[in-house]
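Participant: The file below is work.txt, compact mmCIF, C-alpha atoms:
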```
# COMPACT_ATOMS: atom_id res chain seq x y z
CA MET A 1 2.37 -14.99 15.07
CA ARG A 2 -0.29 -17.43 13.93
CA VAL A 3 -2.52 -16.50 11.01
CA GLN A 4 -5.50 -18.27 9.51
CA LYS A 5 -7.30 -17.40 6.31
CA LYS A 6 -10.57 -18.27 4.62
CA GLN A 7 -11.77 -17.16 1.23
CA ILE A 8 -15.38 -16.84 0.15
CA THR A 9 -16.98 -15.78 -3.08
CA LYS A 10 -19.47 -12.93 -2.69
CA GLU A 11 -22.85 -13.01 -4.44
CA ASP A 12 -21.49 -10.94 -7.32
CA GLY A 13 -18.53 -13.26 -7.86
CA ARG A 14 -15.87 -11.18 -6.09
CA ASN A 15 -13.43 -12.92 -3.78
CA LEU A 16 -13.22 -11.92 -0.11
CA ASN A 17 -10.42 -13.09 2.19
CA TYR A 18 -10.88 -13.21 5.94
CA TYR A 19 -7.68 -13.13 8.00
CA HIS A 20 -7.82 -14.39 11.58
CA PHE A 21 -5.17 -14.08 14.26
CA PRO A 22 -5.96 -16.65 16.99
CA GLU A 23 -3.54 -15.20 19.54
CA THR A 24 -5.18 -11.76 19.66
CA ALA A 25 -8.73 -12.38 18.48
CA THR A 26 -11.63 -11.68 20.80
CA PRO A 27 -14.10 -14.51 21.49
CA GLU A 28 -16.52 -12.82 19.09
CA GLU A 29 -13.90 -12.62 16.34
CA LYS A 30 -13.02 -16.28 16.88
CA ARG A 31 -16.67 -17.29 16.69
CA VAL A 32 -17.32 -15.29 13.54
CA PHE A 33 -14.26 -16.72 11.80
CA GLU A 34 -15.13 -20.30 12.78
CA GLU A 35 -18.66 -19.85 11.41
CA ILE A 36 -17.45 -18.79 7.97
CA GLU A 37 -18.32 -21.67 5.70
CA ALA A 38 -15.07 -22.08 3.83
CA PRO A 39 -11.93 -24.19 4.25
CA LEU A 40 -8.92 -22.92 6.12
CA LEU A 41 -6.15 -21.76 3.80
CA ALA A 42 -2.49 -21.33 4.65
CA LEU A 43 -0.82 -18.06 3.89
CA ARG A 44 1.29 -18.11 0.80
CA GLU A 45 4.98 -17.44 0.95
CA ALA A 46 6.59 -16.35 -2.28
CA ASP A 47 7.18 -19.17 -4.73
CA GLN A 48 5.40 -21.76 -2.61
CA LYS A 49 2.27 -23.61 -3.54
CA PRO A 50 -0.77 -23.16 -1.26
CA THR A 51 -1.83 -25.77 1.25
CA THR A 52 -4.99 -26.25 3.24
CA GLU A 53 -3.25 -27.16 6.45
CA GLY A 54 -4.64 -24.42 8.65
CA ASP A 55 -2.45 -22.16 10.69
CA THR A 56 0.55 -20.43 9.31
CA ASP A 57 3.30 -19.16 11.53
CA VAL A 58 4.71 -15.93 10.15
CA MET B 1 -15.40 -0.91 -18.70
CA SER B 2 -11.62 -0.78 -18.28
CA GLU B 3 -8.93 -0.79 -20.87
CA LEU B 4 -5.31 0.27 -21.29
CA ARG B 5 -4.53 3.02 -23.75
CA TRP B 6 -0.92 3.62 -24.71
CA ASN B 7 0.46 7.13 -24.49
CA PRO B 8 3.19 7.20 -27.15
CA MET B 9 4.43 10.60 -25.96
CA LEU B 10 5.30 9.42 -22.46
CA GLU B 11 5.58 5.74 -23.34
CA GLU B 12 3.22 4.65 -20.61
CA TRP B 13 -0.15 3.00 -20.25
CA VAL B 14 -3.20 4.95 -19.12
CA ILE B 15 -6.00 2.96 -17.54
CA THR B 16 -9.46 4.12 -18.51
CA ALA B 17 -12.19 2.92 -16.15
CA THR B 18 -15.43 4.63 -17.11
CA HIS B 19 -17.58 2.61 -14.71
CA ARG B 20 -15.75 4.24 -11.81
CA GLN B 21 -17.50 7.56 -12.46
CA ASP B 22 -20.48 6.29 -10.46
CA ARG B 23 -18.61 4.65 -7.59
CA THR B 24 -19.64 5.26 -4.01
CA PHE B 25 -18.82 8.84 -3.12
CA PHE B 26 -19.00 9.93 0.52
CA PRO B 27 -21.91 7.74 1.58
CA PRO B 28 -24.22 9.07 4.32
CA PRO B 29 -22.81 8.67 7.85
CA ASP B 30 -25.23 5.87 8.66
CA TYR B 31 -24.10 3.84 5.65
CA ASP B 32 -20.55 2.54 5.91
CA PRO B 33 -19.94 -0.09 3.23
CA LEU B 34 -16.67 -1.17 4.87
CA ALA B 35 -18.15 -1.79 8.30
CA PRO B 36 -19.20 -5.28 9.37
CA THR B 37 -22.78 -6.26 8.53
CA GLN B 38 -24.86 -6.11 11.67
CA PRO B 39 -27.84 -8.42 12.26
CA GLY B 40 -30.87 -6.69 10.80
CA GLY B 41 -28.73 -3.94 9.32
CA PHE B 42 -27.98 -3.06 5.71
CA PRO B 43 -25.60 -5.43 3.93
CA THR B 44 -22.07 -4.11 3.61
CA GLU B 45 -19.09 -5.43 1.73
CA ILE B 46 -18.29 -7.73 4.65
CA PRO B 47 -21.06 -10.27 5.39
CA ALA B 48 -19.96 -10.85 8.97
CA SER B 49 -20.79 -9.13 12.26
CA THR B 50 -17.13 -8.38 12.88
CA TYR B 51 -13.75 -8.92 11.28
CA GLU B 52 -10.04 -8.62 12.04
CA ILE B 53 -8.57 -7.97 8.60
CA VAL B 54 -10.40 -8.58 5.33
CA VAL B 55 -9.28 -8.14 1.76
CA PHE B 56 -11.76 -8.22 -1.09
CA GLU B 57 -11.94 -7.33 -4.75
CA ASN B 58 -13.01 -3.75 -5.35
CA LYS B 59 -16.63 -3.27 -6.43
CA PHE B 60 -15.49 -0.58 -8.88
CA PRO B 61 -12.13 -1.92 -10.02
CA SER B 62 -9.79 -0.18 -12.43
CA LEU B 63 -8.45 -3.62 -13.31
CA ARG B 64 -10.22 -6.95 -13.29
CA ALA B 65 -9.38 -10.56 -14.06
CA ASN B 66 -12.17 -11.03 -16.63
CA VAL B 67 -12.06 -8.26 -19.19
CA GLY B 68 -14.37 -7.52 -22.08
CA GLU B 69 -13.87 -5.93 -25.48
CA ALA B 70 -12.07 -2.63 -25.68
CA SER B 71 -14.15 0.37 -26.67
CA LEU B 72 -11.44 1.78 -28.95
CA SER B 73 -9.72 0.08 -31.83
CA PRO B 74 -5.96 -0.03 -31.43
CA THR B 75 -3.60 1.58 -33.89
CA GLU B 76 0.09 0.97 -34.37
CA LEU B 77 0.80 4.28 -32.68
CA THR B 78 -1.75 3.93 -29.88
CA PRO B 79 -2.22 0.31 -28.87
CA VAL B 80 -5.17 -0.63 -26.70
CA ALA B 81 -4.94 -3.59 -24.35
CA PRO B 82 -7.19 -5.32 -21.83
CA ALA B 83 -7.03 -3.82 -18.35
CA GLN B 84 -6.55 -7.23 -16.87
CA GLY B 85 -5.43 -7.25 -13.28
CA VAL B 86 -6.76 -7.15 -9.75
CA CYS B 87 -7.84 -4.32 -7.48
CA GLU B 88 -8.35 -5.18 -3.83
CA VAL B 89 -9.54 -3.26 -0.80
CA VAL B 90 -7.78 -3.95 2.51
CA CYS B 91 -9.91 -3.30 5.61
CA TYR B 92 -7.66 -3.52 8.65
CA THR B 93 -10.13 -2.33 11.26
CA PRO B 94 -13.91 -2.65 11.60
CA LEU B 95 -13.99 0.78 13.26
CA LEU B 96 -14.93 3.85 11.22
CA ASN B 97 -13.14 6.29 13.50
CA ALA B 98 -9.84 4.42 13.76
CA GLU B 99 -6.78 4.83 11.57
CA LEU B 100 -3.65 2.79 11.04
CA ALA B 101 -1.64 5.01 13.38
CA SER B 102 -4.13 4.45 16.20
CA LEU B 103 -3.85 0.68 16.08
CA PRO B 104 -1.43 -1.28 18.29
CA VAL B 105 1.90 -2.31 16.80
CA ALA B 106 0.72 -5.93 16.89
CA LYS B 107 -2.15 -5.02 14.60
CA VAL B 108 0.16 -3.26 12.14
CA GLU B 109 2.33 -6.38 12.24
CA GLN B 110 -0.71 -8.46 11.35
CA LEU B 111 -1.43 -6.15 8.44
CA ILE B 112 2.13 -6.67 7.19
CA ALA B 113 1.53 -10.42 7.22
CA VAL B 114 -1.62 -9.85 5.16
CA TRP B 115 0.25 -7.61 2.70
CA ALA B 116 2.86 -10.33 2.28
CA ASP B 117 0.20 -12.96 1.68
CA ARG B 118 -1.56 -10.79 -0.91
CA PHE B 119 1.74 -10.10 -2.67
CA ALA B 120 2.57 -13.80 -2.81
CA ASP B 121 -0.97 -14.78 -3.83
CA LEU B 122 -1.33 -12.21 -6.58
CA SER B 123 2.18 -12.99 -7.86
CA LEU B 124 0.91 -16.41 -8.90
CA ARG B 125 -1.35 -14.92 -11.59
CA ASP B 126 0.58 -14.92 -14.83
CA TYR B 127 -1.07 -11.71 -16.09
CA VAL B 128 0.10 -9.75 -13.03
CA LYS B 129 3.45 -8.02 -13.47
CA TYR B 130 3.53 -5.49 -10.62
CA ILE B 131 1.77 -5.44 -7.28
CA TYR B 132 1.29 -2.03 -5.69
CA ILE B 133 0.16 -1.81 -2.08
CA PHE B 134 -0.90 1.66 -1.00
CA GLU B 135 -3.20 3.76 1.12
CA ASN B 136 -4.90 7.04 0.33
CA LYS B 137 -5.70 8.81 3.59
CA GLY B 138 -7.71 11.97 3.93
CA ARG B 139 -10.20 13.93 1.90
CA GLU B 140 -7.38 16.12 0.61
CA ILE B 141 -5.95 13.10 -1.17
CA GLY B 142 -9.28 12.28 -2.80
CA VAL B 143 -10.56 9.58 -0.46
CA THR B 144 -14.26 8.96 -1.08
CA LEU B 145 -14.92 6.34 1.60
CA PRO B 146 -14.06 7.58 5.12
CA HIS B 147 -13.71 4.10 6.65
CA PRO B 148 -9.94 3.50 6.98
CA HIS B 149 -8.66 1.14 4.33
CA GLY B 150 -5.79 0.44 2.01
CA GLN B 151 -5.72 -0.87 -1.51
CA ILE B 152 -3.76 -3.25 -3.72
CA TYR B 153 -3.46 -2.84 -7.45
CA ALA B 154 -2.04 -5.79 -9.38
CA TYR B 155 -1.14 -4.36 -12.78
CA PRO B 156 -0.56 -6.25 -16.05
CA PHE B 157 2.46 -4.03 -16.67
CA ILE B 158 5.19 -2.33 -14.65
CA PRO B 159 3.93 1.22 -13.97
CA HIS B 160 6.00 4.18 -14.99
CA ILE B 161 7.41 5.23 -11.62
CA ALA B 162 8.35 1.67 -10.72
CA GLU B 163 9.97 1.26 -14.12
CA ARG B 164 12.07 4.40 -13.65
CA GLU B 165 13.15 3.33 -10.16
CA LEU B 166 14.08 -0.14 -11.39
CA SER B 167 16.01 1.24 -14.35
CA ALA B 168 17.92 3.67 -12.16
CA ALA B 169 18.70 0.93 -9.65
CA ASN B 170 19.84 -1.40 -12.42
CA ARG B 171 22.12 1.21 -13.97
CA HIS B 172 23.62 1.98 -10.57
CA PHE B 173 24.21 -1.70 -9.91
CA GLU B 174 25.82 -2.19 -13.32
CA ARG B 175 28.11 0.76 -12.64
CA THR B 176 28.99 0.13 -8.99
CA GLY B 177 27.99 -3.41 -8.07
CA ARG B 178 25.85 -2.01 -5.23
CA ASP B 179 22.14 -1.36 -4.83
CA LEU B 180 21.10 2.24 -5.24
CA LEU B 181 18.85 2.53 -2.20
CA GLY B 182 21.54 0.97 -0.04
CA ASP B 183 23.91 3.73 -1.09
CA ILE B 184 21.24 6.38 -0.54
CA LEU B 185 20.61 4.97 2.93
CA GLN B 186 24.31 4.99 3.75
CA ASN B 187 24.57 8.62 2.66
CA GLU B 188 21.61 9.57 4.84
CA LEU B 189 22.99 7.74 7.87
CA GLU B 190 26.40 9.38 7.45
CA ASP B 191 24.83 12.80 7.10
CA GLY B 192 22.25 12.27 9.85
CA ARG B 193 20.32 15.49 9.38
CA ARG B 194 17.44 13.90 7.48
CA VAL B 195 16.95 10.81 9.62
CA VAL B 196 13.53 10.93 11.27
CA LEU B 197 13.33 7.58 13.07
CA GLU B 198 15.25 4.33 13.04
CA ASN B 199 15.38 0.91 14.60
CA ALA B 200 17.44 -2.24 14.21
CA HIS B 201 16.06 -3.05 10.77
CA PHE B 202 14.62 0.13 9.23
CA VAL B 203 15.42 3.81 8.83
CA ALA B 204 12.90 6.56 8.09
CA VAL B 205 14.27 9.64 6.35
CA VAL B 206 13.11 12.74 4.57
CA PRO B 207 15.29 12.18 1.51
CA SER B 208 17.47 15.05 0.33
CA PHE B 209 15.48 15.04 -2.92
CA ALA B 210 12.04 15.00 -1.25
CA ARG B 211 9.32 16.39 -3.45
CA TYR B 212 6.82 16.98 -0.66
CA PRO B 213 7.91 18.97 2.40
CA TYR B 214 7.20 16.13 4.85
CA GLU B 215 7.82 13.22 2.48
CA VAL B 216 9.26 10.24 4.36
CA HIS B 217 10.88 7.11 2.98
CA ILE B 218 11.16 3.99 5.11
CA LEU B 219 14.18 1.94 4.02
CA PRO B 220 15.21 -1.51 5.22
CA ARG B 221 18.79 -1.79 6.38
CA ALA B 222 19.08 -5.11 4.54
CA LEU B 223 18.63 -5.56 0.80
CA ARG B 224 15.15 -7.05 0.53
CA PRO B 225 13.40 -6.77 -2.85
CA ALA B 226 9.89 -7.61 -1.62
CA ILE B 227 7.75 -7.70 1.49
CA THR B 228 7.80 -11.48 1.38
CA ASP B 229 11.56 -11.41 2.01
CA PHE B 230 11.32 -10.08 5.57
CA ASP B 231 11.58 -12.44 8.54
CA ALA B 232 9.41 -12.17 11.64
CA GLU B 233 11.81 -9.83 13.45
CA GLU B 234 12.01 -7.50 10.44
CA ARG B 235 8.24 -7.46 10.08
CA ARG B 236 7.91 -6.47 13.72
CA ALA B 237 10.47 -3.70 13.20
CA LEU B 238 8.62 -2.50 10.10
CA ALA B 239 5.38 -2.36 12.09
CA GLU B 240 7.10 -0.31 14.79
CA ILE B 241 8.62 2.21 12.43
CA LEU B 242 5.45 2.55 10.38
CA LYS B 243 3.46 3.31 13.50
CA GLY B 244 6.16 5.70 14.73
CA VAL B 245 6.19 7.67 11.47
CA MET B 246 2.40 7.84 11.33
CA GLU B 247 2.18 9.00 14.95
CA LYS B 248 4.79 11.66 14.26
CA TYR B 249 2.66 12.89 11.38
CA ASN B 250 -0.41 13.11 13.60
CA ASN B 251 1.48 14.80 16.43
CA LEU B 252 3.10 17.35 14.11
CA TRP B 253 0.07 19.64 14.06
CA ASN B 254 -2.07 17.74 16.56
CA ARG B 255 -4.43 16.38 13.96
CA SER B 256 -4.75 13.38 11.67
CA MET B 257 -2.35 13.87 8.77
CA PRO B 258 -3.54 13.01 5.26
CA TYR B 259 -1.06 11.22 3.04
CA ILE B 260 -0.50 8.69 0.31
CA MET B 261 1.45 5.67 1.53
CA ALA B 262 3.14 3.95 -1.41
CA MET B 263 4.91 0.61 -1.16
CA HIS B 264 7.59 0.08 -3.83
CA GLN B 265 9.01 -3.41 -4.34
CA ARG B 266 10.15 -5.73 -7.07
CA PRO B 267 7.81 -6.70 -9.90
CA SER B 268 6.22 -10.13 -9.98
CA ASP B 269 7.09 -10.89 -13.60
CA GLY B 270 9.68 -13.51 -12.72
CA ALA B 271 12.76 -11.48 -13.73
CA ASN B 272 15.73 -10.98 -11.42
CA TYR B 273 15.57 -7.85 -9.26
CA ASP B 274 18.18 -8.66 -6.64
CA TYR B 275 19.63 -5.18 -7.11
CA TYR B 276 16.41 -3.45 -5.98
CA ARG B 277 15.41 -2.60 -2.40
CA PHE B 278 11.85 -2.58 -1.07
CA HIS B 279 10.79 0.67 0.53
CA ILE B 280 7.73 2.68 1.56
CA GLU B 281 7.18 6.33 0.65
CA PHE B 282 4.78 8.76 2.32
CA TYR B 283 3.48 11.86 0.52
CA PRO B 284 1.64 14.17 2.93
CA PRO B 285 0.12 17.04 0.92
CA TYR B 286 0.34 19.78 3.58
CA ARG B 287 3.40 22.02 3.59
CA THR B 288 2.20 24.04 6.59
CA PRO B 289 -0.75 23.40 8.93
CA ASP B 290 -3.07 25.23 6.57
CA LYS B 291 -1.40 25.19 3.17
CA LEU B 292 -1.48 22.34 0.69
CA LYS B 293 1.27 21.50 -1.71
CA TYR B 294 -0.60 21.33 -5.02
CA LEU B 295 0.63 19.48 -8.07
CA ALA B 296 0.31 22.47 -10.33
CA GLY B 297 1.91 23.55 -13.58
CA SER B 298 5.51 22.55 -13.02
CA GLU B 299 4.67 19.21 -11.40
CA ALA B 300 1.71 18.12 -13.51
CA GLY B 301 2.76 19.72 -16.78
CA ALA B 302 6.52 19.36 -16.73
CA GLY B 303 7.15 16.67 -14.14
CA ALA B 304 9.43 19.00 -12.19
CA PHE B 305 8.51 19.13 -8.53
CA ILE B 306 9.09 22.28 -6.56
CA ASN B 307 9.56 21.87 -2.82
CA ASP B 308 9.25 25.05 -0.76
CA THR B 309 11.26 23.54 2.08
CA HIS B 310 14.57 21.87 2.72
CA ALA B 311 14.50 18.25 3.81
CA GLU B 312 17.00 18.98 6.60
CA VAL B 313 14.54 21.39 8.23
CA THR B 314 11.39 19.29 7.93
CA ALA B 315 13.28 16.17 8.98
CA GLN B 316 14.45 17.93 12.14
CA THR B 317 10.89 18.96 12.90
CA LEU B 318 9.65 15.40 12.43
CA ARG B 319 12.56 13.98 14.39
CA GLU B 320 11.71 16.22 17.33
CA THR B 321 8.04 15.25 17.16
CA SER B 322 6.96 12.41 19.40
CA PRO B 323 6.39 8.99 17.74
CA HIS B 324 3.88 8.10 20.45
CA ARG B 325 0.24 9.02 20.76
CA ILE B 326 0.01 12.21 22.81
```
Take the structure in the file and give it back as structure tokens.

Facilitator:
Amino acid sequence: MRVQKKQITKEDGRNLNYYHFPETATPEEKRVFEEIEAPLLALREADQKPTTEGDTDV
Amino acid sequence: MSELRWNPMLEEWVITATHRQDRTFFPPPDYDPLAPTQPGGFPTEIPASTYEIVVFENKFPSLRANVGEASLSPTELTPVAPAQGVCEVVCYTPLLNAELASLPVAKVEQLIAVWADRFADLSLRDYVKYIYIFENKGREIGVTLPHPHGQIYAYPFIPHIAERELSAANRHFERTGRDLLGDILQNELEDGRRVVLENAHFVAVVPSFARYPYEVHILPRALRPAITDFDAEERRALAEILKGVMEKYNNLWNRSMPYIMAMHQRPSDGANYDYYRFHIEFYPPYRTPDKLKYLAGSEAGAGAFINDTHAEVTAQTLRETSPHRI
């Protein structure tokens, strides 16, 4: 299963994480995720540092 | 304003969160703050026209990363501490009328991946000691926002129930060299009467000591202390058994079953918890189709639960109930 993640900061300073699953997403969901103006983040596994390399296979 | 106040009688922290008194309470049907924001529509928590799974910090958090001054001066007997932590809302469907049980297994599996990511992410914050993933479902539980959602509380301390479970597991390990939940699972499998559902990697039981009539525990067959320890096959199996248990609940009386879903796993304080087994507990409040199990005098005042049923009977009923949508 592939997972992608983006994080934005809302107007009031709260963090919001979008999770995207390319294999099951509808075209609309894909479009919306791509339009989010934030870098792709990899999912964190325990004890690993984050990367910005895009997809994570889980 | 949130703060921690120590209860010296029970030796536990109480979180006071006075700003939560005015949190959103059953908004009008045409205002769903957890729905996507539609073009031209009112802004919701999610500034996108659709979403798959989103997780965001609660607008009315009991715990927050940046804390202010406490309202009460501490004493030696009653310390007061900052309620520093994180409270997140997990929206796993953009649909108001869906629920976790109604989603495909693949979607539940995706949610498990998100839970694991949140656990790993929040574990990196040095002020977070315990991460609690849960869902309150149903008005009877006290849900104030009908849109299906779960929550994550990242506490700056190990909460009381988790602490008791960990202590019991540690004492058992010291005495026997085995993990407590593994022994409980083995007992349940040998007995068989309280097993509700099982697959290659998980077993769902009504434990012999169930406090709620239809309480179910989902136990992994392998010793895994946290959700991040499961491989892809185990996560798939967890998704399948979660959906199966939730569908059984809904099929029991042919209606959506309210419950609390509580995920118990190791703390994130960096200590060794290899003797402790991850598990999920469900607490449905109904004891019959029209009678609630209340936490009344004995439970709330003395901490002694009274269950009007035997686990063997309710487990049989659940076992004989279909795990598929009827």

Participant: Within 6 Å of chain A, which residues of chain B show up when using all atoms listed in the file, listed as a PyMOL selection string?

Facilitator: chain B and resi 53-57+117+120

Participant: Next, dump the selected residues to file, keeping only C-alpha atoms, as a PDB file, in the frame of the given file.

Facilitator:
```
ATOM      1  CA  ILE B  53      -8.570  -7.970   8.600  1.00  0.00           C
ATOM      2  CA  VAL B  54     -10.400  -8.580   5.330  1.00  0.00           C
ATOM      3  CA  VAL B  55      -9.280  -8.140   1.760  1.00  0.00           C
ATOM      4  CA  PHE B  56     -11.760  -8.220  -1.090  1.00  0.00           C
ATOM      5  CA  GLU B  57     -11.940  -7.330  -4.750  1.00  0.00           C
ATOM      6  CA  ASP B 117       0.200 -12.960   1.680  1.00  0.00           C
ATOM      7  CA  ALA B 120       2.570 -13.800  -2.810  1.00  0.00           C
TER       8      ALA B 120
END
```

Participant: Have a look at atom CA of B:Pro8 and atom CA of B:Ala81 and let me know their distance in Å, one decimal.

Facilitator: 13.8 Å

Participant: Might you pull out every residue within 10 Å of B:Tyr214, with all atoms listed in the file counted and same-chain residues fewer than 4 positions away left off, and present them as JSON, numbers by chain?

Facilitator: {"B": [205, 206, 207, 210, 249, 259, 282, 283, 284, 285, 286, 287, 288, 307, 309, 310, 311, 313, 314, 315, 317, 318]}

Participant: Hey, can you check how far atom CA of B:Met246 sits from atom CA of B:His324?

Facilitator: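 Separation between atom CA of B:Met246 and atom CA of B:His324: 9.2 Å.
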
Participant: Quick one: pull the distance between atom CA of B:Glu76 and atom CA of B:Val14, Å, one decimal.

Facilitator: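 Pair atom CA of B:Glu76 / atom CA of B:Val14 returns 16.1 Å.
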
Participant: Please give the centre and size of the box around stretch 35-39 of chain A (axis-aligned, containing every atom listed in the file, 6 Å added per side), with values in Å to one decimal and written as JSON.

Facilitator:
```
{"center_x": -15.3, "center_y": -21.5, "center_z": 7.6, "size_x": 18.7, "size_y": 17.4, "size_z": 19.6}
```

Participant: Tell me which of B:Leu77, B:Val203, B:Ile46, B:Val86 sits closest to B:Gln186, counting all atoms listed in the file.

Facilitator: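 Between B:Leu77, B:Val203, B:Ile46, B:Val86, the residue approaching B:Gln186 most closely is B:Val203.
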
Participant: Hey, which of B:Arg118, B:Lys129, B:Arg277, B:Arg23 ends up closest to B:Ile152? Count only C-alpha atoms.

Facilitator: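 That would be B:Arg118, the residue with the smallest distance to B:Ile152.
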
Participant: Here's a test: counting all atoms listed in the file, identify every protein, DNA and RNA residue with an atom at most 12 Å from (4.6, -6.8, -7.0) in the file's coordinate frame, and state them as a PDB file with C-alpha atoms, keeping the file's coordinate frame.

Facilitator:
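Wrote it out as out_26.pdb, contents follow:
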```pdb
ATOM      1  CA  ALA A  46       6.590 -16.350  -2.280  1.00  0.00           C
TER       2      ALA A  46
ATOM      3  CA  GLY B  85      -5.430  -7.250 -13.280  1.00  0.00           C
ATOM      4  CA  VAL B  86      -6.760  -7.150  -9.750  1.00  0.00           C
ATOM      5  CA  TRP B 115       0.250  -7.610   2.700  1.00  0.00           C
ATOM      6  CA  ALA B 116       2.860 -10.330   2.280  1.00  0.00           C
ATOM      7  CA  ASP B 117       0.200 -12.960   1.680  1.00  0.00           C
ATOM      8  CA  ARG B 118      -1.560 -10.790  -0.910  1.00  0.00           C
ATOM      9  CA  PHE B 119       1.740 -10.100  -2.670  1.00  0.00           C
ATOM     10  CA  ALA B 120       2.570 -13.800  -2.810  1.00  0.00           C
ATOM     11  CA  ASP B 121      -0.970 -14.780  -3.830  1.00  0.00           C
ATOM     12  CA  LEU B 122      -1.330 -12.210  -6.580  1.00  0.00           C
ATOM     13  CA  SER B 123       2.180 -12.990  -7.860  1.00  0.00           C
ATOM     14  CA  LEU B 124       0.910 -16.410  -8.900  1.00  0.00           C
ATOM     15  CA  ARG B 125      -1.350 -14.920 -11.590  1.00  0.00           C
ATOM     16  CA  ASP B 126       0.580 -14.920 -14.830  1.00  0.00           C
ATOM     17  CA  TYR B 127      -1.070 -11.710 -16.090  1.00  0.00           C
ATOM     18  CA  VAL B 128       0.100  -9.750 -13.030  1.00  0.00           C
ATOM     19  CA  LYS B 129       3.450  -8.020 -13.470  1.00  0.00           C
ATOM     20  CA  TYR B 130       3.530  -5.490 -10.620  1.00  0.00           C
ATOM     21  CA  ILE B 131       1.770  -5.440  -7.280  1.00  0.00           C
ATOM     22  CA  TYR B 132       1.290  -2.030  -5.690  1.00  0.00           C
ATOM     23  CA  ILE B 133       0.160  -1.810  -2.080  1.00  0.00           C
ATOM     24  CA  PHE B 134      -0.900   1.660  -1.000  1.00  0.00           C
ATOM     25  CA  ILE B 152      -3.760  -3.250  -3.720  1.00  0.00           C
ATOM     26  CA  TYR B 153      -3.460  -2.840  -7.450  1.00  0.00           C
ATOM     27  CA  ALA B 154      -2.040  -5.790  -9.380  1.00  0.00           C
ATOM     28  CA  TYR B 155      -1.140  -4.360 -12.780  1.00  0.00           C
ATOM     29  CA  PRO B 156      -0.560  -6.250 -16.050  1.00  0.00           C
ATOM     30  CA  PHE B 157       2.460  -4.030 -16.670  1.00  0.00           C
ATOM     31  CA  ILE B 158       5.190  -2.330 -14.650  1.00  0.00           C
ATOM     32  CA  PRO B 159       3.930   1.220 -13.970  1.00  0.00           C
ATOM     33  CA  ALA B 162       8.350   1.670 -10.720  1.00  0.00           C
ATOM     34  CA  PRO B 225      13.400  -6.770  -2.850  1.00  0.00           C
ATOM     35  CA  ALA B 226       9.890  -7.610  -1.620  1.00  0.00           C
ATOM     36  CA  ILE B 227       7.750  -7.700   1.490  1.00  0.00           C
ATOM     37  CA  THR B 228       7.800 -11.480   1.380  1.00  0.00           C
ATOM     38  CA  MET B 263       4.910   0.610  -1.160  1.00  0.00           C
ATOM     39  CA  HIS B 264       7.590   0.080  -3.830  1.00  0.00           C
ATOM     40  CA  GLN B 265       9.010  -3.410  -4.340  1.00  0.00           C
ATOM     41  CA  ARG B 266      10.150  -5.730  -7.070  1.00  0.00           C
ATOM     42  CA  PRO B 267       7.810  -6.700  -9.900  1.00  0.00           C
ATOM     43  CA  SER B 268       6.220 -10.130  -9.980  1.00  0.00           C
ATOM     44  CA  ASP B 269       7.090 -10.890 -13.600  1.00  0.00           C
ATOM     45  CA  GLY B 270       9.680 -13.510 -12.720  1.00  0.00           C
ATOM     46  CA  ALA B 271      12.760 -11.480 -13.730  1.00  0.00           C
ATOM     47  CA  TYR B 273      15.570  -7.850  -9.260  1.00  0.00           C
ATOM     48  CA  PHE B 278      11.850  -2.580  -1.070  1.00  0.00           C
TER      49      PHE B 278
END
```
